[in-house]
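Everything below concerns the one structure shown next.
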Amino acid sequence: MDRPYVLNPHFDLAANEKPLFGFDPAADLTAQKKRMSDKLAELMGVPEKRTSPEPVIDFVSDADPRFDEIRFRFESEPNFFVPAHMLLPKGVWKSGGKKLPTVICLQGHSTGMHISLGRAKFPGDDKTISGGDRDFCIQAVALGYAAVCMEQRGFGELDGTVGYVSRCQQPSIQAMMKGRTLIGERASDVSRLIDTLGCFDECDVEHVGLMGNSGGGTATFYTACVEPRVKVAMPSCAFCSLHDSIFSLAHCICNYIPSLYKYFEMGDLALMIAPRPLIVVCGREDMIFPLGGVKQEFATVEKIYSALGVADRCALIVGDEGHRFYAAQSWPVYAEMLAKM
């Protein structure tokens, strides 16, 4: 045959077709944002809000000298309860004092939210925690925030520790068959969590931030796009050109939103977060979210924030290692960004 044999035509399609809703600095920003928001909400299939915000308190503990801990559950969908932990600086719980800015911390693909609490429950957890600054809640409460972690669907207590690995495939496929996505469901769970945090006198829900690494960073970014109450978003090792990462490399199925790449590249979506602060954290040696793709899409982020007159509300933090969080570099920037809100 004279014709070349094409193993995978998708790369040609991606090279020859620009995203339909890509950011256009010359077009009306408000109209673009509305069109993007409507389309992304449709593609993500975010569940409707139909539940009470009242938390179910499982226990309150003052055993740790560094913080007090509240374990609770909230109803995200009818009869579906998501477990969560809140860490508060000593003396805050039921004190009637000033509400604290609150950070919601999302673990990545791991054995569960206990990683954010710095607690090893399964083989390999110690390495996961110590090898990448992944005890997010411990870090946040030490800085004076109300720190909250929640279990994400497919992880940990939400049917994710079979053989000590995350189990995203089945719930992802089931969600798609119902016109949803697992990312959309995780985003909805965060929204319901924010509703529930409003029931705690200790939490300032006007200053809620969201952060996470890897799969938690992915949930952070997309949730911030559809949930305006997230005042600061800090995705780590998740933001990157779709083409260089999710499209071209093998990832867990929970990263995928059907038809997303038809309409957007990842940087375009930042228009839905702006003018709220966006802090992109990445690793120079991250092989699954390559630095070149991160920088390419962050250039679009900078154009968006500049067009809105808030160029100082976006930041790129590049750590010197791989696929991990970089606490020492990231939290000071987070504090600066929160102060702008």
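Residue numbers start at 1 in each chain; chains themselves are named A, B, ... in the order of the structure tokens; ligands are numbered from 1 in the order shown.
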Apply DSSP to the structure's backbone, then extract all residues of segment 57-269 of chain A labelled helix (DSSP H, G or I) and return them as a VMD selection string. chain A and resid 113 to 115 125 to 130 136 to 142 169 to 177 182 to 197 215 to 226 253 to 255 260 to 263 266 to 269
Return as a ChimeraX atom specification the full set of residues in segment 226-334 of chain A whose backbone-based DSSP assignment is strand (DSSP E or B). /A:230-236,278-283,314-319
Selected residues written out, all heavy atoms, as a CSV table (one decimal), in the first residue's frame:
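File result_4.csv, as written:
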```
chain,number,residue,atom,x,y,z
A,230,VAL,N,-15.0,29.0,46.4
A,230,VAL,CA,-13.6,28.7,46.6
A,230,VAL,C,-12.9,30.0,46.3
A,230,VAL,O,-12.8,30.4,45.1
A,230,VAL,CB,-13.1,27.6,45.7
A,230,VAL,CG1,-11.6,27.4,45.7
A,230,VAL,CG2,-13.8,26.3,46.0
A,231,LYS,N,-12.3,30.6,47.3
A,231,LYS,CA,-11.7,31.9,47.1
A,231,LYS,C,-10.3,31.9,46.7
A,231,LYS,O,-9.8,32.8,46.1
A,231,LYS,CB,-11.8,32.7,48.5
A,231,LYS,CG,-13.3,33.1,48.8
A,231,LYS,CD,-13.9,33.9,47.7
A,231,LYS,CE,-15.2,34.6,48.2
A,231,LYS,NZ,-16.3,33.6,48.4
A,232,VAL,N,-9.6,30.8,47.0
A,232,VAL,CA,-8.2,30.6,46.5
A,232,VAL,C,-8.1,29.1,46.1
A,232,VAL,O,-8.5,28.2,46.9
A,232,VAL,CB,-7.1,30.9,47.6
A,232,VAL,CG1,-5.7,30.7,47.1
A,232,VAL,CG2,-7.3,32.3,48.1
A,233,ALA,N,-7.5,28.9,44.9
A,233,ALA,CA,-7.3,27.5,44.5
A,233,ALA,C,-5.8,27.3,44.3
A,233,ALA,O,-5.1,28.1,43.7
A,233,ALA,CB,-8.1,27.3,43.1
A,234,MET,N,-5.4,26.1,44.9
A,234,MET,CA,-4.0,25.8,44.8
A,234,MET,C,-3.8,24.3,44.3
A,234,MET,O,-3.5,23.5,45.1
A,234,MET,CB,-3.2,26.1,46.1
A,234,MET,CG,-1.7,25.9,46.0
A,234,MET,SD,-0.8,26.6,47.5
A,234,MET,CE,-1.5,25.6,48.8
A,235,PRO,N,-4.0,24.1,43.0
A,235,PRO,CA,-3.8,22.7,42.5
A,235,PRO,C,-2.3,22.4,42.3
A,235,PRO,O,-1.5,23.3,41.8
A,235,PRO,CB,-4.5,22.7,41.1
A,235,PRO,CG,-4.4,24.2,40.7
A,235,PRO,CD,-4.5,25.0,42.0
A,236,SER,N,-1.9,21.3,42.8
A,236,SER,CA,-0.5,20.9,42.7
A,236,SER,C,-0.3,19.6,41.8
A,236,SER,O,-1.1,18.6,42.0
A,236,SER,CB,0.1,20.6,44.1
A,236,SER,OG,1.4,20.0,44.0
A,278,LEU,N,-5.3,32.0,41.8
A,278,LEU,CA,-5.0,30.7,41.3
A,278,LEU,C,-3.5,30.5,41.5
A,278,LEU,O,-2.7,31.2,40.9
A,278,LEU,CB,-5.4,30.4,39.9
A,278,LEU,CG,-5.0,29.1,39.2
A,278,LEU,CD1,-5.6,27.9,39.9
A,278,LEU,CD2,-5.3,29.1,37.7
A,279,ILE,N,-3.1,29.5,42.2
A,279,ILE,CA,-1.7,29.2,42.5
A,279,ILE,C,-1.4,27.8,41.9
A,279,ILE,O,-2.0,26.8,42.4
A,279,ILE,CB,-1.4,29.1,44.0
A,279,ILE,CG1,-1.8,30.4,44.7
A,279,ILE,CG2,0.1,28.9,44.2
A,279,ILE,CD1,-1.9,30.3,46.2
A,280,VAL,N,-0.6,27.7,40.8
A,280,VAL,CA,-0.3,26.5,40.2
A,280,VAL,C,1.0,26.0,40.7
A,280,VAL,O,2.0,26.7,40.6
A,280,VAL,CB,-0.2,26.6,38.7
A,280,VAL,CG1,0.3,25.4,38.0
A,280,VAL,CG2,-1.6,27.0,38.1
A,281,VAL,N,1.0,24.8,41.3
A,281,VAL,CA,2.3,24.2,41.8
A,281,VAL,C,2.6,23.0,41.0
A,281,VAL,O,1.7,22.2,40.6
A,281,VAL,CB,2.0,23.7,43.3
A,281,VAL,CG1,3.3,23.1,43.9
A,281,VAL,CG2,1.5,24.9,44.2
A,282,CYS,N,3.9,22.9,40.6
A,282,CYS,CA,4.3,21.7,39.8
A,282,CYS,C,5.8,21.3,40.2
A,282,CYS,O,6.4,22.1,40.9
A,282,CYS,CB,4.2,22.1,38.3
A,282,CYS,SG,5.4,23.4,37.8
A,283,GLY,N,6.2,20.2,39.6
A,283,GLY,CA,7.5,19.7,39.9
A,283,GLY,C,8.3,19.7,38.6
A,283,GLY,O,7.8,19.3,37.5
A,314,CYS,N,-2.4,35.5,40.2
A,314,CYS,CA,-2.0,34.1,39.7
A,314,CYS,C,-0.5,33.9,39.9
A,314,CYS,O,0.3,34.9,39.8
A,314,CYS,CB,-2.4,33.9,38.2
A,314,CYS,SG,-1.5,34.9,37.0
A,315,ALA,N,-0.1,32.7,40.2
A,315,ALA,CA,1.3,32.4,40.5
A,315,ALA,C,1.6,31.0,40.1
A,315,ALA,O,0.8,30.1,40.2
A,315,ALA,CB,1.6,32.6,42.0
A,316,LEU,N,2.8,30.8,39.6
A,316,LEU,CA,3.4,29.5,39.3
A,316,LEU,C,4.5,29.2,40.2
A,316,LEU,O,5.5,30.0,40.3
A,316,LEU,CB,3.8,29.5,37.8
A,316,LEU,CG,4.5,28.2,37.3
A,316,LEU,CD1,3.6,27.0,37.4
A,316,LEU,CD2,5.0,28.4,35.9
A,317,ILE,N,4.4,28.1,40.9
A,317,ILE,CA,5.5,27.6,41.8
A,317,ILE,C,6.1,26.3,41.2
A,317,ILE,O,5.4,25.3,41.0
A,317,ILE,CB,5.0,27.3,43.2
A,317,ILE,CG1,4.4,28.6,43.8
A,317,ILE,CG2,6.0,26.7,44.1
A,317,ILE,CD1,3.7,28.4,45.1
A,318,VAL,N,7.4,26.3,40.9
A,318,VAL,CA,8.1,25.1,40.3
A,318,VAL,C,9.0,24.6,41.3
A,318,VAL,O,10.0,25.2,41.7
A,318,VAL,CB,8.8,25.5,39.0
A,318,VAL,CG1,9.5,24.3,38.4
A,318,VAL,CG2,7.9,26.2,38.0
A,319,GLY,N,8.7,23.4,41.8
A,319,GLY,CA,9.6,22.7,42.8
A,319,GLY,C,10.7,22.0,42.0
A,319,GLY,O,10.5,21.7,40.8
```
Tell me which of A:Phe67, A:Trp93, A:Phe247, A:Phe155 sits closest to Ala15 of chain A, counting only C-alpha atoms.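 Ranking A:Phe67, A:Trp93, A:Phe247, A:Phe155 by distance to Ala15 of chain A, first place goes to A:Phe247.
In this comparison, which uses only C-alpha atoms, the residue of A:Ser172, A:Ser188, A:Asn16, A:Ser241 approaching Leu291 of chain A most closely is A:Ser241.
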For Lys121 of chain A, work out the shell of residues within 12 Å, counting only C-alpha atoms and skipping chain neighbours fewer than 2 positions away, then give it as an mmCIF file with all heavy atoms, in the first residue's frame.
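Output contents, as saved in out36.cif:
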```cif
data_model
loop_
_atom_site.group_PDB
_atom_site.id
_atom_site.type_symbol
_atom_site.label_atom_id
_atom_site.label_comp_id
_atom_site.auth_asym_id
_atom_site.auth_seq_id
_atom_site.Cartn_x
_atom_site.Cartn_y
_atom_site.Cartn_z
ATOM 1 N N SER A 110 -4.271 7.654 46.499
ATOM 2 C CA SER A 110 -3.616 7.104 47.682
ATOM 3 C C SER A 110 -4.623 6.212 48.390
ATOM 4 O O SER A 110 -5.708 5.936 47.871
ATOM 5 C CB SER A 110 -3.155 8.238 48.599
ATOM 6 O OG SER A 110 -4.276 8.933 49.126
ATOM 7 N N THR A 111 -4.272 5.803 49.600
ATOM 8 C CA THR A 111 -5.175 4.940 50.353
ATOM 9 C C THR A 111 -6.258 5.722 51.084
ATOM 10 O O THR A 111 -7.136 5.111 51.691
ATOM 11 C CB THR A 111 -4.380 4.104 51.372
ATOM 12 O OG1 THR A 111 -3.587 4.983 52.175
ATOM 13 C CG2 THR A 111 -3.458 3.115 50.652
ATOM 14 N N GLY A 112 -6.214 7.052 51.043
ATOM 15 C CA GLY A 112 -7.313 7.801 51.619
ATOM 16 C C GLY A 112 -6.925 9.108 52.267
ATOM 17 O O GLY A 112 -5.767 9.522 52.279
ATOM 18 N N MET A 113 -7.932 9.769 52.852
ATOM 19 C CA MET A 113 -7.753 11.108 53.397
ATOM 20 C C MET A 113 -6.856 11.125 54.625
ATOM 21 O O MET A 113 -6.357 12.191 55.014
ATOM 22 C CB MET A 113 -9.101 11.731 53.748
ATOM 23 C CG MET A 113 -9.848 11.026 54.860
ATOM 24 S SD MET A 113 -11.383 11.882 55.279
ATOM 25 C CE MET A 113 -12.164 10.662 56.348
ATOM 26 N N HIS A 114 -6.622 9.957 55.253
ATOM 27 C CA HIS A 114 -5.727 9.914 56.417
ATOM 28 C C HIS A 114 -4.314 10.367 56.049
ATOM 29 O O HIS A 114 -3.544 10.759 56.925
ATOM 30 C CB HIS A 114 -5.700 8.507 57.019
ATOM 31 C CG HIS A 114 -5.338 7.442 56.030
ATOM 32 N ND1 HIS A 114 -6.253 6.875 55.173
ATOM 33 C CD2 HIS A 114 -4.147 6.852 55.750
ATOM 34 C CE1 HIS A 114 -5.651 5.975 54.415
ATOM 35 N NE2 HIS A 114 -4.368 5.946 54.743
ATOM 36 N N ILE A 115 -3.982 10.315 54.761
ATOM 37 C CA ILE A 115 -2.685 10.820 54.307
ATOM 38 C C ILE A 115 -2.570 12.309 54.637
ATOM 39 O O ILE A 115 -1.530 12.794 55.086
ATOM 40 C CB ILE A 115 -2.502 10.580 52.799
ATOM 41 C CG1 ILE A 115 -2.539 9.077 52.485
ATOM 42 C CG2 ILE A 115 -1.219 11.224 52.288
ATOM 43 C CD1 ILE A 115 -1.413 8.280 53.106
ATOM 44 N N SER A 116 -3.662 13.069 54.401
ATOM 45 C CA SER A 116 -3.655 14.502 54.704
ATOM 46 C C SER A 116 -3.486 14.768 56.192
ATOM 47 O O SER A 116 -3.044 15.846 56.593
ATOM 48 C CB SER A 116 -4.951 15.155 54.209
ATOM 49 O OG SER A 116 -5.027 15.148 52.801
ATOM 50 N N LEU A 117 -3.859 13.787 57.023
ATOM 51 C CA LEU A 117 -3.724 13.918 58.468
ATOM 52 C C LEU A 117 -2.372 13.416 58.964
ATOM 53 O O LEU A 117 -2.099 13.430 60.175
ATOM 54 C CB LEU A 117 -4.838 13.124 59.168
ATOM 55 C CG LEU A 117 -6.269 13.559 58.841
ATOM 56 C CD1 LEU A 117 -7.267 12.542 59.380
ATOM 57 C CD2 LEU A 117 -6.565 14.947 59.382
ATOM 58 N N GLY A 118 -1.547 12.933 58.045
ATOM 59 C CA GLY A 118 -0.232 12.429 58.413
ATOM 60 C C GLY A 118 -0.273 11.110 59.141
ATOM 61 O O GLY A 118 0.636 10.801 59.927
ATOM 62 N N ARG A 119 -1.321 10.304 58.888
ATOM 63 C CA ARG A 119 -1.502 9.046 59.603
ATOM 64 C C ARG A 119 -1.367 7.858 58.655
ATOM 65 O O ARG A 119 -2.112 7.742 57.675
ATOM 66 C CB ARG A 119 -2.876 9.009 60.271
ATOM 67 C CG ARG A 119 -3.019 10.049 61.358
ATOM 68 C CD ARG A 119 -4.428 10.136 61.883
ATOM 69 N NE ARG A 119 -4.531 11.240 62.849
ATOM 70 C CZ ARG A 119 -5.672 11.799 63.219
ATOM 71 N NH1 ARG A 119 -6.820 11.361 62.716
ATOM 72 N NH2 ARG A 119 -5.676 12.790 64.090
ATOM 73 N N PRO A 123 0.375 -0.355 54.430
ATOM 74 C CA PRO A 123 1.768 -0.415 53.971
ATOM 75 C C PRO A 123 2.042 0.618 52.889
ATOM 76 O O PRO A 123 1.260 0.777 51.957
ATOM 77 C CB PRO A 123 1.892 -1.849 53.437
ATOM 78 C CG PRO A 123 0.872 -2.630 54.188
ATOM 79 C CD PRO A 123 -0.284 -1.685 54.384
ATOM 80 N N GLY A 124 3.139 1.338 53.027
ATOM 81 C CA GLY A 124 3.516 2.346 52.041
ATOM 82 C C GLY A 124 3.053 3.750 52.362
ATOM 83 O O GLY A 124 3.516 4.720 51.746
ATOM 84 N N ASP A 125 2.126 3.882 53.325
ATOM 85 C CA ASP A 125 1.606 5.211 53.663
ATOM 86 C C ASP A 125 2.691 6.138 54.202
ATOM 87 O O ASP A 125 2.703 7.337 53.899
ATOM 88 C CB ASP A 125 0.481 5.102 54.687
ATOM 89 C CG ASP A 125 -0.846 4.676 54.089
ATOM 90 O OD1 ASP A 125 -0.914 4.547 52.845
ATOM 91 O OD2 ASP A 125 -1.806 4.470 54.854
ATOM 92 N N ASP A 126 3.597 5.609 55.026
ATOM 93 C CA ASP A 126 4.658 6.446 55.587
ATOM 94 C C ASP A 126 5.473 7.111 54.494
ATOM 95 O O ASP A 126 5.789 8.302 54.560
ATOM 96 C CB ASP A 126 5.582 5.606 56.481
ATOM 97 C CG ASP A 126 4.966 5.326 57.846
ATOM 98 O OD1 ASP A 126 4.283 6.225 58.379
ATOM 99 O OD2 ASP A 126 5.159 4.221 58.364
ATOM 100 N N LYS A 127 5.807 6.337 53.468
ATOM 101 C CA LYS A 127 6.587 6.873 52.356
ATOM 102 C C LYS A 127 5.785 7.905 51.574
ATOM 103 O O LYS A 127 6.317 8.948 51.167
ATOM 104 C CB LYS A 127 7.032 5.740 51.435
ATOM 105 C CG LYS A 127 7.923 6.200 50.287
ATOM 106 C CD LYS A 127 8.380 5.022 49.443
ATOM 107 C CE LYS A 127 9.263 5.488 48.294
ATOM 108 N NZ LYS A 127 9.706 4.334 47.442
ATOM 109 N N THR A 128 4.505 7.635 51.378
ATOM 110 C CA THR A 128 3.645 8.584 50.672
ATOM 111 C C THR A 128 3.601 9.931 51.388
ATOM 112 O O THR A 128 3.683 10.990 50.763
ATOM 113 C CB THR A 128 2.217 8.025 50.550
ATOM 114 O OG1 THR A 128 2.245 6.813 49.785
ATOM 115 C CG2 THR A 128 1.288 9.022 49.863
ATOM 116 N N ILE A 129 3.491 9.881 52.713
ATOM 117 C CA ILE A 129 3.379 11.109 53.502
ATOM 118 C C ILE A 129 4.703 11.866 53.539
ATOM 119 O O ILE A 129 4.764 13.059 53.219
ATOM 120 C CB ILE A 129 2.921 10.774 54.936
ATOM 121 C CG1 ILE A 129 1.514 10.173 54.912
ATOM 122 C CG2 ILE A 129 2.952 12.023 55.813
ATOM 123 C CD1 ILE A 129 1.116 9.501 56.213
ATOM 124 N N GLY A 156 -9.914 5.635 49.683
ATOM 125 C CA GLY A 156 -10.062 5.389 51.104
ATOM 126 C C GLY A 156 -11.374 4.772 51.526
ATOM 127 O O GLY A 156 -11.773 3.714 51.045
ATOM 128 N N GLU A 157 -12.050 5.439 52.470
ATOM 129 C CA GLU A 157 -13.279 4.911 53.041
ATOM 130 C C GLU A 157 -14.424 4.858 52.040
ATOM 131 O O GLU A 157 -15.429 4.181 52.292
ATOM 132 C CB GLU A 157 -13.688 5.753 54.253
ATOM 133 C CG GLU A 157 -12.696 5.687 55.404
ATOM 134 C CD GLU A 157 -13.114 6.573 56.566
ATOM 135 O OE1 GLU A 157 -14.323 6.631 56.866
ATOM 136 O OE2 GLU A 157 -12.234 7.220 57.161
ATOM 137 N N THR A 161 -9.875 1.267 49.018
ATOM 138 C CA THR A 161 -8.666 0.653 49.576
ATOM 139 C C THR A 161 -8.646 -0.855 49.382
ATOM 140 O O THR A 161 -8.180 -1.615 50.213
ATOM 141 C CB THR A 161 -8.521 0.979 51.076
ATOM 142 O OG1 THR A 161 -9.731 0.639 51.756
ATOM 143 C CG2 THR A 161 -8.205 2.437 51.287
ATOM 144 N N TYR A 164 -5.095 -1.840 48.823
ATOM 145 C CA TYR A 164 -4.317 -0.639 49.134
ATOM 146 C C TYR A 164 -4.098 0.261 47.920
ATOM 147 O O TYR A 164 -3.121 0.968 47.837
ATOM 148 C CB TYR A 164 -2.959 -0.999 49.760
ATOM 149 C CG TYR A 164 -3.062 -1.961 50.909
ATOM 150 C CD1 TYR A 164 -2.254 -3.078 50.968
ATOM 151 C CD2 TYR A 164 -3.984 -1.744 51.934
ATOM 152 C CE1 TYR A 164 -2.351 -3.977 52.019
ATOM 153 C CE2 TYR A 164 -4.093 -2.638 52.985
ATOM 154 C CZ TYR A 164 -3.279 -3.750 53.025
ATOM 155 O OH TYR A 164 -3.389 -4.631 54.055
#
```
Nearby residues (only C-alpha atoms) at most 9 Å from segment 24-40 of chain A, same-chain spacing under 4 positions excluded, as a ChimeraX atom specification: /A:44-45,225-226,260,263-264,268-269,271-272,303-304,307-308
Using C-alpha atoms, can you write the selected residues to a file as a compact mmCIF listing (two decimals), in the first residue's frame?
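Once written, selection31.txt looks like this:
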```txt
# COMPACT_ATOMS: atom_id res chain seq x y z
CA MET A 44 -18.87 17.54 34.05
CA GLY A 45 -22.43 16.50 34.84
CA CYS A 225 -14.09 26.44 38.00
CA VAL A 226 -17.68 25.61 39.02
CA LEU A 260 -13.47 18.33 27.17
CA TYR A 263 -13.93 22.75 23.68
CA PHE A 264 -11.00 23.73 25.94
CA ASP A 268 -8.68 28.43 28.99
CA LEU A 269 -10.64 27.16 31.98
CA LEU A 271 -11.27 32.30 33.02
CA MET A 272 -13.90 30.61 35.21
CA LYS A 303 -3.18 36.52 29.77
CA ILE A 304 -6.57 35.93 31.38
CA ALA A 307 -7.04 41.01 30.81
CA LEU A 308 -9.11 41.22 34.01
```
Measuring between only C-alpha atoms, which one of A:Glu206, A:Glu48, A:Glu151, A:Glu321 shows the shortest distance to Leu100 of chain A?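 For Leu100 of chain A, the nearest of the candidates is A:Glu206.
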Just checking: using only C-alpha atoms, which residue out of A:His109, A:Lys295, A:Arg229, A:Arg66 ends up closest to Ala142 of chain A? A:Arg66
Write out as a PDB file with C-alpha atoms, in the first residue's frame each polymer residue whose atoms come within 12 Å of Pro53 of chain A, counting only C-alpha atoms; drop sequence neighbours fewer than 6 positions from it.
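Result file is result13.pdb:
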```pdb
ATOM      1  CA  PHE A  72     -17.893  14.316  60.914  1.00  0.00           C
ATOM      2  CA  ARG A  73     -19.960  13.203  57.934  1.00  0.00           C
ATOM      3  CA  PHE A  74     -22.111  15.223  55.553  1.00  0.00           C
ATOM      4  CA  GLU A  75     -24.868  14.185  53.169  1.00  0.00           C
ATOM      5  CA  SER A  76     -23.687  15.031  49.665  1.00  0.00           C
ATOM      6  CA  GLU A  77     -26.521  13.252  47.870  1.00  0.00           C
ATOM      7  CA  PRO A  78     -29.642  11.677  49.385  1.00  0.00           C
ATOM      8  CA  PHE A  81     -22.568  10.497  53.324  1.00  0.00           C
ATOM      9  CA  VAL A  82     -18.983  11.685  52.878  1.00  0.00           C
ATOM     10  CA  ASP A 189     -19.001  16.827  47.233  1.00  0.00           C
ATOM     11  CA  VAL A 190     -16.703  19.806  47.877  1.00  0.00           C
ATOM     12  CA  SER A 191     -19.634  22.180  47.349  1.00  0.00           C
ATOM     13  CA  ARG A 192     -21.745  20.233  49.832  1.00  0.00           C
ATOM     14  CA  LEU A 193     -18.800  20.293  52.257  1.00  0.00           C
ATOM     15  CA  ILE A 194     -18.698  24.094  52.034  1.00  0.00           C
ATOM     16  CA  ASP A 195     -22.429  24.116  52.836  1.00  0.00           C
ATOM     17  CA  THR A 196     -21.698  21.987  55.894  1.00  0.00           C
ATOM     18  CA  LEU A 197     -18.762  24.128  57.042  1.00  0.00           C
ATOM     19  CA  GLY A 198     -21.245  26.969  57.335  1.00  0.00           C
ATOM     20  CA  CYS A 199     -22.745  25.081  60.272  1.00  0.00           C
ATOM     21  CA  PHE A 200     -19.475  25.329  62.230  1.00  0.00           C
TER      22      PHE A 200
END
```
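In this comparison, which uses only C-alpha atoms, the residue of A:Lys99, A:Arg71, A:Arg313, A:Lys18 approaching Asp201 of chain A most closely is A:Lys99.
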What gap, in Å, lies between atom CA of Thr181 of chain A and atom CA of Ala41 of chain A?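 Atom CA of Thr181 of chain A sits 10.5 Å away from atom CA of Ala41 of chain A.
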Identify, on the basis of only C-alpha atoms, every residue whose closest approach to Ala140 of chain A does not exceed 9 Å; exclude the query and any residue fewer than 4 positions from it along the same chain; express the result as a VMD selection string. chain A and resid 87 102 to 103 105 135 to 136 144 to 148 331
Write a file of the selected residues as a short mmCIF file (atom, residue, chain, number, x, y, z; two decimals), in the first residue's frame, keeping C-alpha atoms.
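So again_23.cif came out as:
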```cif
data_model
loop_
_atom_site.label_atom_id
_atom_site.label_comp_id
_atom_site.auth_asym_id
_atom_site.auth_seq_id
_atom_site.Cartn_x
_atom_site.Cartn_y
_atom_site.Cartn_z
CA LEU A 87 -8.33 20.16 62.58
CA THR A 102 -10.56 27.46 56.14
CA VAL A 103 -8.52 25.25 53.84
CA CYS A 105 -7.29 19.61 51.53
CA ASP A 135 0.19 15.80 55.26
CA PHE A 136 -1.72 18.85 54.08
CA GLY A 144 -3.47 28.87 61.92
CA TYR A 145 -6.12 27.76 59.45
CA ALA A 146 -9.11 25.55 60.05
CA ALA A 147 -7.94 22.52 58.05
CA VAL A 148 -10.41 20.07 56.58
CA TRP A 331 2.00 28.15 51.69
#
```
